[in-house]
$ cat query_26.txt   # compact mmCIF, C-alpha atoms
# COMPACT_ATOMS: atom_id res chain seq x y z
CA MET W 1 7.56 -11.87 24.42
CA VAL W 2 7.74 -8.35 25.83
CA LYS W 3 6.88 -6.93 22.42
CA VAL W 4 3.81 -9.16 22.15
CA LYS W 5 2.59 -8.14 25.59
CA VAL W 6 3.00 -4.41 24.95
CA MET W 7 1.35 -4.66 21.54
CA ARG W 8 -1.57 -6.50 23.16
CA ALA W 9 -2.02 -3.68 25.69
CA VAL W 10 -2.00 -1.09 22.89
CA GLY W 11 -4.55 -3.19 20.98
CA GLU W 12 -6.84 -3.56 24.00
CA ARG W 13 -6.83 0.19 24.65
CA ASN W 14 -7.61 0.79 20.97
CA ASP W 15 -10.51 -1.64 21.04
CA ALA W 16 -12.00 -0.11 24.20
CA ILE W 17 -11.98 3.35 22.59
CA ALA W 18 -13.40 1.89 19.37
CA ARG W 19 -16.32 0.42 21.35
CA GLU W 20 -17.03 3.83 22.90
CA ILE W 21 -16.95 5.49 19.46
CA ARG W 22 -19.33 2.86 18.06
CA GLU W 23 -21.80 3.41 20.90
CA GLU W 24 -21.61 7.20 20.64
CA LEU W 25 -22.17 7.19 16.87
CA ALA W 26 -25.10 4.76 17.24
CA ARG W 27 -26.72 7.07 19.84
CA LYS W 28 -26.37 9.97 17.41
CA GLY W 29 -27.76 7.96 14.48
CA ILE W 30 -24.52 8.28 12.49
CA ARG W 31 -23.19 5.44 10.35
CA ALA W 32 -19.43 5.38 9.83
CA VAL W 33 -17.66 3.66 6.95
CA ASN W 34 -13.94 2.87 7.22
CA LEU W 35 -12.44 3.02 3.70
CA MET W 36 -9.30 0.96 3.27
CA SER W 37 -7.08 0.44 0.23
CA SER W 38 -3.64 0.74 -1.32
CA PRO W 39 -2.37 4.21 -2.23
CA GLY W 40 -4.00 5.47 -5.39
CA SER W 41 -6.96 3.13 -5.59
CA GLY W 42 -9.32 6.09 -5.68
CA LYS W 43 -10.71 6.60 -2.16
CA THR W 44 -10.78 10.39 -2.45
CA ALA W 45 -12.23 10.44 -5.97
CA LEU W 46 -14.98 8.05 -4.79
CA LEU W 47 -15.79 10.32 -1.85
CA GLU W 48 -15.84 13.47 -4.01
CA LYS W 49 -18.61 11.96 -6.12
CA THR W 50 -20.37 10.51 -3.07
CA PHE W 51 -20.46 13.85 -1.26
CA ALA W 52 -21.85 15.59 -4.32
CA HIS W 53 -24.49 12.86 -4.65
CA PHE W 54 -25.73 12.89 -1.04
CA ALA W 55 -25.54 16.63 -0.32
CA PRO W 56 -27.61 18.50 0.64
CA SER W 57 -30.28 15.95 1.72
CA HIS W 58 -27.80 13.75 3.61
CA PRO W 59 -24.72 15.83 4.36
CA ALA W 60 -21.70 13.62 4.86
CA ALA W 61 -18.47 14.10 6.77
CA VAL W 62 -15.04 12.54 6.47
CA ILE W 63 -12.05 12.01 8.69
CA VAL W 64 -9.08 11.80 6.33
CA GLY W 65 -5.96 9.96 7.41
CA ASP W 66 -2.78 10.85 5.60
CA PRO W 67 0.88 10.27 6.44
CA PHE W 68 1.84 13.87 5.63
CA THR W 69 -0.34 16.03 3.36
CA THR W 70 -3.73 17.77 3.65
CA ARG W 71 -4.66 17.76 -0.03
CA ASP W 72 -7.41 15.14 0.26
CA ALA W 73 -9.28 17.01 2.99
CA GLU W 74 -9.13 20.16 0.84
CA ARG W 75 -10.48 18.24 -2.18
CA LEU W 76 -13.32 16.85 -0.09
CA GLU W 77 -14.27 20.20 1.45
CA ARG W 78 -14.56 21.54 -2.09
CA ALA W 79 -16.83 18.61 -2.98
CA GLY W 80 -19.27 19.68 -0.26
CA GLY W 81 -18.22 17.44 2.61
CA LEU W 82 -17.20 18.34 6.12
CA ALA W 83 -13.58 17.17 6.37
CA PHE W 84 -11.18 16.69 9.24
CA GLN W 85 -7.56 15.93 8.41
CA LEU W 86 -5.53 13.59 10.59
CA ASN W 87 -1.85 13.79 9.78
CA THR W 88 -0.16 10.72 11.18
CA GLU W 89 3.41 11.92 10.59
CA GLY W 90 4.32 8.86 8.61
CA SER W 91 2.36 6.25 10.59
CA CYS W 92 0.87 3.42 8.57
CA HIS W 93 -2.72 3.17 9.85
CA LEU W 94 -5.37 5.06 11.78
CA THR W 95 -6.23 4.09 15.34
CA ALA W 96 -9.35 4.59 17.47
CA PRO W 97 -7.65 7.25 19.66
CA LEU W 98 -6.88 9.26 16.48
CA VAL W 99 -10.51 8.96 15.34
CA ARG W 100 -11.61 9.97 18.87
CA ALA W 101 -9.48 13.14 18.61
CA ALA W 102 -10.96 13.94 15.20
CA LEU W 103 -14.53 13.43 16.44
CA ASP W 104 -13.85 15.85 19.29
CA GLY W 105 -12.97 18.48 16.66
CA LEU W 106 -15.97 17.92 14.35
CA ASP W 107 -19.52 19.25 14.69
CA LEU W 108 -21.59 16.40 13.26
CA SER W 109 -25.06 18.00 13.73
CA GLY W 110 -27.26 16.83 10.87
CA VAL W 111 -24.67 14.38 9.57
CA LYS W 112 -25.87 10.79 9.05
CA LEU W 113 -22.93 9.43 7.12
CA LEU W 114 -19.33 9.62 8.29
CA PHE W 115 -16.46 8.29 6.23
CA ILE W 116 -13.09 7.45 7.68
CA GLU W 117 -10.55 7.54 4.86
CA ASN W 118 -7.77 5.35 6.17
CA ILE W 119 -4.08 5.62 5.27
CA GLY W 120 -3.21 4.16 1.85
CA ASN W 121 -2.08 0.71 2.95
CA LEU W 122 -3.77 -2.62 2.36
CA ILE W 123 -2.18 -4.40 5.33
CA CYS W 124 -1.90 -2.55 8.65
CA PRO W 125 -5.30 -0.76 8.70
CA ALA W 126 -7.05 -4.15 8.53
CA SER W 127 -5.93 -4.91 12.09
CA TRP W 128 -7.38 -1.80 13.77
CA ASP W 129 -11.00 -1.33 14.85
CA LEU W 130 -11.91 2.37 14.58
CA GLY W 131 -15.46 2.12 15.91
CA GLU W 132 -16.88 2.13 12.38
CA SER W 133 -20.26 0.65 11.38
CA ALA W 134 -18.85 -0.98 8.26
CA LYS W 135 -15.57 -1.52 6.45
CA ALA W 136 -15.27 -0.94 2.71
CA VAL W 137 -12.16 -2.06 0.84
CA LEU W 138 -11.18 -0.62 -2.55
CA LEU W 139 -9.07 -2.44 -5.14
CA SER W 140 -8.29 -0.64 -8.38
CA VAL W 141 -8.16 -2.66 -11.58
CA ALA W 142 -4.63 -1.32 -12.11
CA GLU W 143 -3.45 -3.24 -9.04
CA GLY W 144 -4.34 -6.65 -10.46
CA ALA W 145 -6.82 -9.36 -9.52
CA ASP W 146 -4.18 -11.41 -7.63
CA LYS W 147 -4.14 -8.85 -4.82
CA VAL W 148 -7.25 -10.33 -3.20
CA GLU W 149 -5.42 -13.43 -2.09
CA LYS W 150 -2.16 -11.61 -1.29
CA TYR W 151 -3.78 -9.05 1.02
CA ARG W 152 -6.54 -11.34 2.15
CA LYS W 153 -7.08 -9.97 5.65
CA ALA W 154 -8.58 -6.72 4.36
CA PHE W 155 -10.94 -8.61 2.05
CA LEU W 156 -11.90 -11.08 4.79
CA ILE W 157 -13.20 -8.34 7.09
CA ALA W 158 -14.82 -6.10 4.45
CA HIS W 159 -18.56 -5.49 4.37
CA ALA W 160 -18.22 -4.07 0.87
CA VAL W 161 -15.46 -4.46 -1.73
CA LEU W 162 -15.28 -1.85 -4.47
CA ILE W 163 -13.37 -2.75 -7.62
CA THR W 164 -12.46 0.78 -8.69
CA LYS W 165 -11.23 2.54 -11.85
CA SER W 166 -13.27 0.08 -13.93
CA ASP W 167 -12.77 2.39 -16.92
CA LEU W 168 -9.12 1.23 -16.98
CA ALA W 169 -9.99 -2.49 -16.99
CA PRO W 170 -9.45 -3.01 -20.76
CA SER W 171 -5.92 -1.50 -20.61
CA CYS W 172 -5.02 -3.47 -17.46
CA ASP W 173 -5.99 -7.02 -18.46
CA PHE W 174 -7.90 -7.14 -15.19
CA ASP W 175 -9.79 -10.42 -14.79
CA LEU W 176 -13.00 -9.22 -13.17
CA ASP W 177 -14.57 -12.68 -12.85
CA TYR W 178 -11.45 -14.04 -11.18
CA ALA W 179 -11.39 -11.13 -8.72
CA ARG W 180 -15.10 -11.42 -7.91
CA GLU W 181 -14.85 -15.18 -7.39
CA GLY W 182 -11.77 -14.74 -5.18
CA ILE W 183 -13.52 -12.16 -3.01
CA ALA W 184 -16.70 -14.23 -2.78
CA ALA W 185 -14.75 -17.36 -1.84
CA LEU W 186 -12.90 -15.54 0.95
CA ASN W 187 -15.87 -13.56 2.19
CA PRO W 188 -19.30 -14.63 0.91
CA HIS W 189 -21.04 -11.82 2.83
CA ALA W 190 -19.18 -8.92 1.22
CA ARG W 191 -21.13 -6.80 -1.25
CA ILE W 192 -18.96 -6.62 -4.38
CA LEU W 193 -19.32 -3.47 -6.48
CA THR W 194 -17.50 -2.54 -9.67
CA VAL W 195 -17.27 1.23 -10.06
CA SER W 196 -15.62 4.08 -11.90
CA ALA W 197 -15.80 7.45 -10.17
CA LYS W 198 -14.57 8.92 -13.46
CA THR W 199 -17.30 7.62 -15.77
CA GLY W 200 -19.95 7.03 -13.09
CA GLU W 201 -20.22 3.32 -13.95
CA GLY W 202 -21.62 1.32 -11.03
CA MET W 203 -21.82 4.31 -8.68
CA GLU W 204 -25.57 3.80 -8.19
CA GLY W 205 -24.82 0.43 -6.59
CA TRP W 206 -22.46 2.09 -4.11
CA TYR W 207 -24.94 4.84 -3.29
CA GLY W 208 -27.61 2.16 -2.82
CA TRP W 209 -25.39 0.28 -0.36
CA LEU W 210 -24.81 3.48 1.63
CA ARG W 211 -28.51 4.32 1.55
CA GLU W 212 -29.41 0.88 2.94
CA MET W 213 -27.10 1.54 5.85
CA VAL W 214 -28.20 5.07 6.62
CA LEU W 215 -31.92 5.14 5.94
CA MET A 1 7.31 4.72 26.74
CA VAL A 2 7.68 0.98 27.10
CA LYS A 3 6.54 0.52 23.52
CA VAL A 4 9.12 2.99 22.24
CA LYS A 5 11.91 1.28 24.15
CA VAL A 6 10.96 -2.19 22.90
CA MET A 7 10.58 -0.96 19.33
CA ARG A 8 14.01 0.66 19.55
CA ALA A 9 15.55 -2.64 20.68
CA VAL A 10 13.85 -4.43 17.76
CA GLY A 11 15.16 -1.75 15.40
CA GLU A 12 18.72 -1.96 16.74
CA ARG A 13 18.80 -5.73 16.35
CA ASN A 14 17.47 -5.34 12.79
CA ASP A 15 20.14 -2.79 11.92
CA ALA A 16 22.96 -4.94 13.32
CA ILE A 17 21.85 -7.89 11.19
CA ALA A 18 21.45 -5.59 8.17
CA ARG A 19 25.07 -4.44 8.60
CA GLU A 20 26.26 -8.06 8.64
CA ILE A 21 24.25 -8.83 5.49
CA ARG A 22 25.71 -5.77 3.74
CA GLU A 23 29.27 -6.81 4.61
CA GLU A 24 28.68 -10.42 3.57
CA LEU A 25 27.17 -9.45 0.20
CA ALA A 26 30.02 -6.98 -0.44
CA ARG A 27 32.59 -9.72 0.25
CA LYS A 28 30.82 -11.98 -2.24
CA GLY A 29 30.57 -9.21 -4.87
CA ILE A 30 26.76 -9.28 -4.85
CA ARG A 31 24.71 -6.10 -5.19
CA ALA A 32 21.26 -6.19 -3.60
CA VAL A 33 18.35 -3.94 -4.60
CA ASN A 34 15.41 -3.53 -2.21
CA LEU A 35 12.26 -2.95 -4.33
CA MET A 36 9.52 -1.06 -2.51
CA SER A 37 6.08 0.02 -3.67
CA SER A 38 2.33 -0.15 -3.18
CA PRO A 39 0.53 -3.35 -4.10
CA GLY A 40 0.13 -3.70 -7.85
CA SER A 41 2.71 -1.18 -9.00
CA GLY A 42 4.45 -3.84 -11.04
CA LYS A 43 7.46 -5.10 -9.05
CA THR A 44 7.09 -8.68 -10.23
CA ALA A 45 6.45 -7.76 -13.88
CA LEU A 46 9.56 -5.54 -13.79
CA LEU A 47 11.64 -8.40 -12.40
CA GLU A 48 10.32 -10.90 -14.94
CA LYS A 49 11.65 -8.72 -17.75
CA THR A 50 14.85 -7.94 -15.86
CA PHE A 51 15.67 -11.60 -15.25
CA ALA A 52 15.08 -12.43 -18.89
CA HIS A 53 17.34 -9.53 -19.91
CA PHE A 54 20.29 -10.35 -17.62
CA ALA A 55 20.25 -14.15 -17.86
CA PRO A 56 22.39 -16.03 -18.63
CA SER A 57 25.39 -13.65 -18.52
CA HIS A 58 24.44 -12.16 -15.15
CA PRO A 59 22.09 -14.58 -13.42
CA ALA A 60 19.96 -12.79 -10.87
CA ALA A 61 18.22 -13.95 -7.74
CA VAL A 62 15.28 -12.62 -5.79
CA ILE A 63 13.96 -12.87 -2.28
CA VAL A 64 10.21 -12.31 -2.56
CA GLY A 65 8.28 -11.05 0.42
CA ASP A 66 4.56 -11.67 0.43
CA PRO A 67 1.96 -11.61 3.17
CA PHE A 68 0.45 -14.96 2.16
CA THR A 69 0.94 -16.32 -1.37
CA THR A 70 3.82 -17.84 -3.36
CA ARG A 71 2.65 -16.85 -6.85
CA ASP A 72 5.32 -14.18 -7.42
CA ALA A 73 8.21 -16.53 -6.65
CA GLU A 74 6.74 -19.06 -9.08
CA ARG A 75 6.42 -16.37 -11.79
CA LEU A 76 10.03 -15.33 -11.25
CA GLU A 77 11.39 -18.86 -11.32
CA ARG A 78 9.67 -19.29 -14.69
CA ALA A 79 11.34 -16.08 -15.89
CA GLY A 80 14.77 -17.59 -15.23
CA GLY A 81 15.53 -16.18 -11.79
CA LEU A 82 16.49 -17.98 -8.63
CA ALA A 83 13.65 -17.17 -6.22
CA PHE A 84 13.19 -17.59 -2.50
CA GLN A 85 9.74 -16.93 -1.09
CA LEU A 86 9.34 -15.35 2.33
CA ASN A 87 5.78 -15.61 3.59
CA THR A 88 5.31 -13.10 6.37
CA GLU A 89 1.88 -14.40 7.48
CA GLY A 90 0.29 -11.00 7.09
CA SER A 91 3.17 -8.83 8.30
CA CYS A 92 3.56 -5.48 6.56
CA HIS A 93 7.30 -5.28 5.78
CA LEU A 94 10.43 -7.39 5.48
CA THR A 95 13.12 -7.27 8.15
CA ALA A 96 16.83 -8.01 8.11
CA PRO A 97 16.37 -11.26 10.12
CA LEU A 98 13.91 -12.48 7.47
CA VAL A 99 16.40 -11.65 4.69
CA ARG A 100 19.12 -13.40 6.73
CA ALA A 101 16.95 -16.55 6.87
CA ALA A 102 16.34 -16.38 3.12
CA LEU A 103 20.06 -15.92 2.37
CA ASP A 104 20.83 -19.03 4.44
CA GLY A 105 18.49 -20.96 2.14
CA LEU A 106 19.85 -19.66 -1.19
CA ASP A 107 22.92 -20.78 -3.13
CA LEU A 108 24.12 -17.53 -4.70
CA SER A 109 27.17 -18.93 -6.52
CA GLY A 110 27.62 -16.95 -9.72
CA VAL A 111 24.92 -14.43 -8.81
CA LYS A 112 25.90 -10.76 -8.97
CA LEU A 113 22.50 -9.19 -8.66
CA LEU A 114 20.06 -9.94 -5.86
CA PHE A 115 16.63 -8.34 -5.69
CA ILE A 116 14.61 -8.14 -2.52
CA GLU A 117 10.97 -7.72 -3.50
CA ASN A 118 9.47 -6.13 -0.41
CA ILE A 119 5.84 -6.43 0.74
CA GLY A 120 3.40 -4.24 -1.24
CA ASN A 121 3.26 -1.26 1.11
CA LEU A 122 4.64 2.22 0.55
CA ILE A 123 4.98 3.11 4.25
CA CYS A 124 6.36 0.48 6.62
CA PRO A 125 9.13 -1.01 4.44
CA ALA A 126 10.77 2.43 4.21
CA SER A 127 11.76 2.21 7.89
CA TRP A 128 13.66 -1.09 7.71
CA ASP A 129 17.24 -1.56 6.56
CA LEU A 130 17.61 -4.99 4.93
CA GLY A 131 21.34 -4.80 4.22
CA GLU A 132 20.67 -3.85 0.58
CA SER A 133 23.11 -1.92 -1.63
CA ALA A 134 20.37 0.31 -3.03
CA LYS A 135 16.68 1.01 -2.63
CA ALA A 136 14.41 1.34 -5.66
CA VAL A 137 10.87 2.66 -5.26
CA LEU A 138 8.14 2.02 -7.84
CA LEU A 139 5.12 4.25 -8.39
CA SER A 140 2.61 3.25 -11.05
CA VAL A 141 0.96 5.98 -13.09
CA ALA A 142 -2.41 4.56 -11.98
CA GLU A 143 -1.64 5.57 -8.38
CA GLY A 144 -1.41 9.28 -9.16
CA ALA A 145 1.38 11.86 -9.05
CA ASP A 146 0.30 13.18 -5.63
CA LYS A 147 1.57 10.02 -3.94
CA VAL A 148 5.16 11.30 -3.92
CA GLU A 149 4.42 13.89 -1.27
CA LYS A 150 1.96 11.69 0.66
CA TYR A 151 4.38 8.78 1.02
CA ARG A 152 7.47 10.92 1.05
CA LYS A 153 9.67 8.77 3.27
CA ALA A 154 10.02 6.05 0.64
CA PHE A 155 10.94 8.62 -2.03
CA LEU A 156 13.37 10.41 0.29
CA ILE A 157 15.50 7.30 0.81
CA ALA A 158 15.31 5.88 -2.75
CA HIS A 159 18.38 5.59 -4.94
CA ALA A 160 16.14 5.05 -7.95
CA VAL A 161 12.47 5.84 -8.50
CA LEU A 162 10.67 3.99 -11.27
CA ILE A 163 7.46 5.46 -12.60
CA THR A 164 5.87 2.25 -13.87
CA LYS A 165 3.04 1.23 -16.20
CA SER A 166 3.82 4.26 -18.36
CA ASP A 167 1.66 2.73 -21.09
CA LEU A 168 -1.38 3.60 -18.94
CA ALA A 169 -0.40 7.27 -18.50
CA PRO A 170 -2.81 8.63 -21.14
CA SER A 171 -5.82 6.89 -19.51
CA CYS A 172 -4.79 7.96 -16.00
CA ASP A 173 -4.24 11.71 -16.46
CA PHE A 174 -0.88 11.16 -14.78
CA ASP A 175 1.15 14.37 -14.68
CA LEU A 176 4.64 13.06 -15.34
CA ASP A 177 6.38 16.44 -15.06
CA TYR A 178 4.72 17.13 -11.72
CA ALA A 179 5.78 13.72 -10.41
CA ARG A 180 9.36 14.07 -11.64
CA GLU A 181 9.68 17.56 -10.16
CA GLY A 182 8.23 16.37 -6.85
CA ILE A 183 10.67 13.47 -6.65
CA ALA A 184 13.64 15.66 -7.64
CA ALA A 185 12.69 18.30 -5.07
CA LEU A 186 12.49 15.73 -2.27
CA ASN A 187 15.51 13.74 -3.32
CA PRO A 188 17.82 15.33 -5.92
CA HIS A 189 20.11 12.27 -5.97
CA ALA A 190 17.48 9.72 -6.99
CA ARG A 191 17.66 8.41 -10.55
CA ILE A 192 14.16 8.83 -11.97
CA LEU A 193 13.13 6.33 -14.64
CA THR A 194 9.84 6.08 -16.51
CA VAL A 195 9.17 2.51 -17.62
CA SER A 196 6.61 0.07 -18.95
CA ALA A 197 7.45 -3.59 -18.45
CA LYS A 198 4.55 -4.32 -20.83
CA THR A 199 5.72 -2.29 -23.86
CA GLY A 200 9.42 -2.17 -22.93
CA GLU A 201 9.46 1.64 -22.85
CA GLY A 202 12.32 2.96 -20.74
CA MET A 203 13.53 -0.47 -19.67
CA GLU A 204 17.01 0.16 -21.12
CA GLY A 205 17.45 2.99 -18.60
CA TRP A 206 16.65 0.60 -15.75
CA TYR A 207 18.99 -2.08 -17.08
CA GLY A 208 21.67 0.60 -17.44
CA TRP A 209 21.25 1.67 -13.82
CA LEU A 210 21.60 -1.95 -12.68
CA ARG A 211 24.62 -2.49 -14.90
CA GLU A 212 26.35 0.57 -13.41
CA MET A 213 25.91 -0.95 -9.98
CA VAL A 214 27.00 -4.47 -10.81
CA LEU A 215 29.77 -4.09 -13.35
$ encode --input "query_26.txt" --output "structure tokens"
Amino acid sequence: MVKVKVMRAVGERNDAIAREIREELARKGIRAVNLMSSPGSGKTALLEKTFAHFAPSHPAAVIVGDPFTTRDAERLERAGGLAFQLNTEGSCHLTAPLVRAALDGLDLSGVKLLFIENIGNLICPASWDLGESAKAVLLSVAEGADKVEKYRKAFLIAHAVLITKSDLAPSCDFDLDYAREGIAALNPHARILTVSAKTGEGMEGWYGWLREMVL
Amino acid sequence: MVKVKVMRAVGERNDAIAREIREELARKGIRAVNLMSSPGSGKTALLEKTFAHFAPSHPAAVIVGDPFTTRDAERLERAGGLAFQLNTEGSCHLTAPLVRAALDGLDLSGVKLLFIENIGNLICPASWDLGESAKAVLLSVAEGADKVEKYRKAFLIAHAVLITKSDLAPSCDFDLDYAREGIAALNPHARILTVSAKTGEGMEGWYGWLREMVL
């Protein structure tokens, strides 16, 4: 019982800070997208292409969560984004106080689009509001179409679901129709996009979704 | 501070139960392997092949952790294993009390090899002792070789690391040497195995490692 009570207090503090972040970003005209997925589903590769696409007319920024390394932030700086690395020292999800600390260290003048690249984990991040405008969940075809139902909370709360690494679909026996139907049954409002950052397939749909949000 | 204290109490209770499980399994001559990985790295496919290989001379059992579904346990029963499904209702890792409950529901007569298929998550499960004899961590080539350093805790504590879905390596630009060197640098004692449950590549090495433990 004690554990439940303490966890509730932590959650309430998180949600209060998330509300403040959401209001502040709205005042500044910035839209924030919280990207959630398993390790290796291609969040950073997607953002590399996205930064290159939107810069310089709509410069984008990213807050990168990572248990230990800083490689992703370096990759994204090279791709033309403004990147802030949050090392969580092994923790399994980002929280609103961590995002607050990152925002205090970022100059977002001129930025309309802010990505929050969450820790590679399809479970814990789904329970934490970060003050984002929208949540996008990535599922790579290599992970398998059955993961929608297994990790359903992330898919339930997603505004967009990206089925990534579509170039690998033939080698992975990935059942795209089954996955799309499963996502749509759980969450009829989610925009479902099939993309490959490698070949560019479907990326226009993703850019279009971002443009609808920002413009 | 309160949170830390409560979490420590939860951890201590977990570890006490894990010690009891370890002693009980040792008395019964059963070796338990805790399988940890991201979602979709191929834990269930690996076990399907493993069960088929060891049955009937060394019947194996599995305790399958899953946030919501029961599909993996059904797959493994069909493959000739004795399977017990633990649904964690969205929780992100297995705990020793959950394994204790599963063991109380399993008749392990004649079983020498028990697998514990942890929740698909490369972070949280690494912090929980389940009373296993050995920990095996899977990393699929589709996830990328940089995941070793990012999710280093799991690799640090692994007795065996399986680089899975090796048949996809050519399409994934997976740098096998880089991954192997990274794992060996972090954890020189881990047995590193490259396998494909689909084509059978490298599976003999995995069976050999299990046989060394059991026989």
$ interface_residues --input "query_26.txt" --of "chain A" --to "chain W" --cutoff "7 Å" --atoms "only C-alpha atoms" --output "list in words"
Lys3, Val6, Ser38, Pro39, Gly40, Ser41, Asp66, Pro67, Phe68, Thr69, Cys92, Asn121, Ile123, Cys124, Ala142, Glu143, Gly144, Glu149, Lys150 and Tyr151 of chain A
$ write_last_selection --input "query_26.txt" --atoms "C-alpha atoms" --output "compact mmCIF listing (two decimals), in the coordinates of the input"
# COMPACT_ATOMS: atom_id res chain seq x y z
CA LYS A 3 6.54 0.52 23.52
CA VAL A 6 10.96 -2.19 22.90
CA SER A 38 2.33 -0.15 -3.18
CA PRO A 39 0.53 -3.35 -4.10
CA GLY A 40 0.13 -3.70 -7.85
CA SER A 41 2.71 -1.18 -9.00
CA ASP A 66 4.56 -11.67 0.43
CA PRO A 67 1.96 -11.61 3.17
CA PHE A 68 0.45 -14.96 2.16
CA THR A 69 0.94 -16.32 -1.37
CA CYS A 92 3.56 -5.48 6.56
CA ASN A 121 3.26 -1.26 1.11
CA ILE A 123 4.98 3.11 4.25
CA CYS A 124 6.36 0.48 6.62
CA ALA A 142 -2.41 4.56 -11.98
CA GLU A 143 -1.64 5.57 -8.38
CA GLY A 144 -1.41 9.28 -9.16
CA GLU A 149 4.42 13.89 -1.27
CA LYS A 150 1.96 11.69 0.66
CA TYR A 151 4.38 8.78 1.02
$ residues_around --input "query_26.txt" --residues "A:Gly80" --least-positions-apart "2" --cutoff "8 Å" --atoms "only C-alpha atoms" --output "list in words"
Phe51, Ala52, Ala55, Leu76, Glu77, Arg78 and Leu82 of chain A
$ residues_around --input "query_26.txt" --residues "W:Glu201" --least-positions-apart "5" --cutoff "10 Å" --atoms "only C-alpha atoms" --output "list in words"
Thr164, Lys165, Ser166, Asp167, Thr194, Val195 and Ser196 of chain W
$ atom_distance --input "query_26.txt" --atom1 "atom CA of A:Glu132" --atom2 "atom CA of W:Pro125"
27.4 Å
$ atom_distance --input "query_26.txt" --atom1 "atom CA of A:Leu35" --atom2 "atom CA of A:Arg22"
15.9 Å
$ residues_around --input "query_26.txt" --residues "W:Ser57" --least-positions-apart "3" --cutoff "12 Å" --atoms "all atoms listed in the file" --output "PyMOL selection string"
chain W and resi 51-54+60+80+110-113+211+215
$ closest_residue --input "query_26.txt" --among "A:Gly131, A:Gly11, A:Gly200, A:Gly205" --to "A:Ile30" --atoms "only C-alpha atoms"
A:Gly131
$ decode --input "query_26.txt" --residues "stretch 9-20 of chain W" --atoms "N, CA and C atoms" --output "PDB file, in the first residue's frame"
ATOM      1  N   ALA W   9       2.114   9.775  -5.673  1.00  0.00           N
ATOM      2  CA  ALA W   9       2.634  11.131  -5.449  1.00  0.00           C
ATOM      3  C   ALA W   9       3.648  11.495  -6.531  1.00  0.00           C
ATOM      4  N   VAL W  10       4.520  10.559  -6.879  1.00  0.00           N
ATOM      5  CA  VAL W  10       5.507  10.801  -7.944  1.00  0.00           C
ATOM      6  C   VAL W  10       4.777  11.090  -9.254  1.00  0.00           C
ATOM      7  N   GLY W  11       3.742  10.288  -9.534  1.00  0.00           N
ATOM      8  CA  GLY W  11       2.968  10.457 -10.763  1.00  0.00           C
ATOM      9  C   GLY W  11       2.259  11.801 -10.807  1.00  0.00           C
ATOM     10  N   GLU W  12       1.707  12.221  -9.680  1.00  0.00           N
ATOM     11  CA  GLU W  12       0.987  13.509  -9.653  1.00  0.00           C
ATOM     12  C   GLU W  12       1.936  14.678  -9.891  1.00  0.00           C
ATOM     13  N   ARG W  13       3.128  14.607  -9.296  1.00  0.00           N
ATOM     14  CA  ARG W  13       4.111  15.672  -9.499  1.00  0.00           C
ATOM     15  C   ARG W  13       4.522  15.702 -10.978  1.00  0.00           C
ATOM     16  N   ASN W  14       4.735  14.512 -11.550  1.00  0.00           N
ATOM     17  CA  ASN W  14       5.088  14.436 -12.970  1.00  0.00           C
ATOM     18  C   ASN W  14       4.021  15.113 -13.825  1.00  0.00           C
ATOM     19  N   ASP W  15       2.758  14.782 -13.533  1.00  0.00           N
ATOM     20  CA  ASP W  15       1.674  15.268 -14.383  1.00  0.00           C
ATOM     21  C   ASP W  15       1.499  16.783 -14.248  1.00  0.00           C
ATOM     22  N   ALA W  16       1.765  17.319 -13.063  1.00  0.00           N
ATOM     23  CA  ALA W  16       1.668  18.771 -12.878  1.00  0.00           C
ATOM     24  C   ALA W  16       2.743  19.473 -13.713  1.00  0.00           C
ATOM     25  N   ILE W  17       3.950  18.932 -13.706  1.00  0.00           N
ATOM     26  CA  ILE W  17       5.044  19.530 -14.498  1.00  0.00           C
ATOM     27  C   ILE W  17       4.751  19.361 -15.989  1.00  0.00           C
ATOM     28  N   ALA W  18       4.192  18.221 -16.368  1.00  0.00           N
ATOM     29  CA  ALA W  18       3.834  17.995 -17.776  1.00  0.00           C
ATOM     30  C   ALA W  18       2.814  19.032 -18.244  1.00  0.00           C
ATOM     31  N   ARG W  19       1.852  19.348 -17.383  1.00  0.00           N
ATOM     32  CA  ARG W  19       0.844  20.365 -17.760  1.00  0.00           C
ATOM     33  C   ARG W  19       1.504  21.720 -17.986  1.00  0.00           C
ATOM     34  N   GLU W  20       2.454  22.078 -17.105  1.00  0.00           N
ATOM     35  CA  GLU W  20       3.164  23.356 -17.273  1.00  0.00           C
ATOM     36  C   GLU W  20       3.948  23.381 -18.586  1.00  0.00           C
TER      37      GLU W  20
END
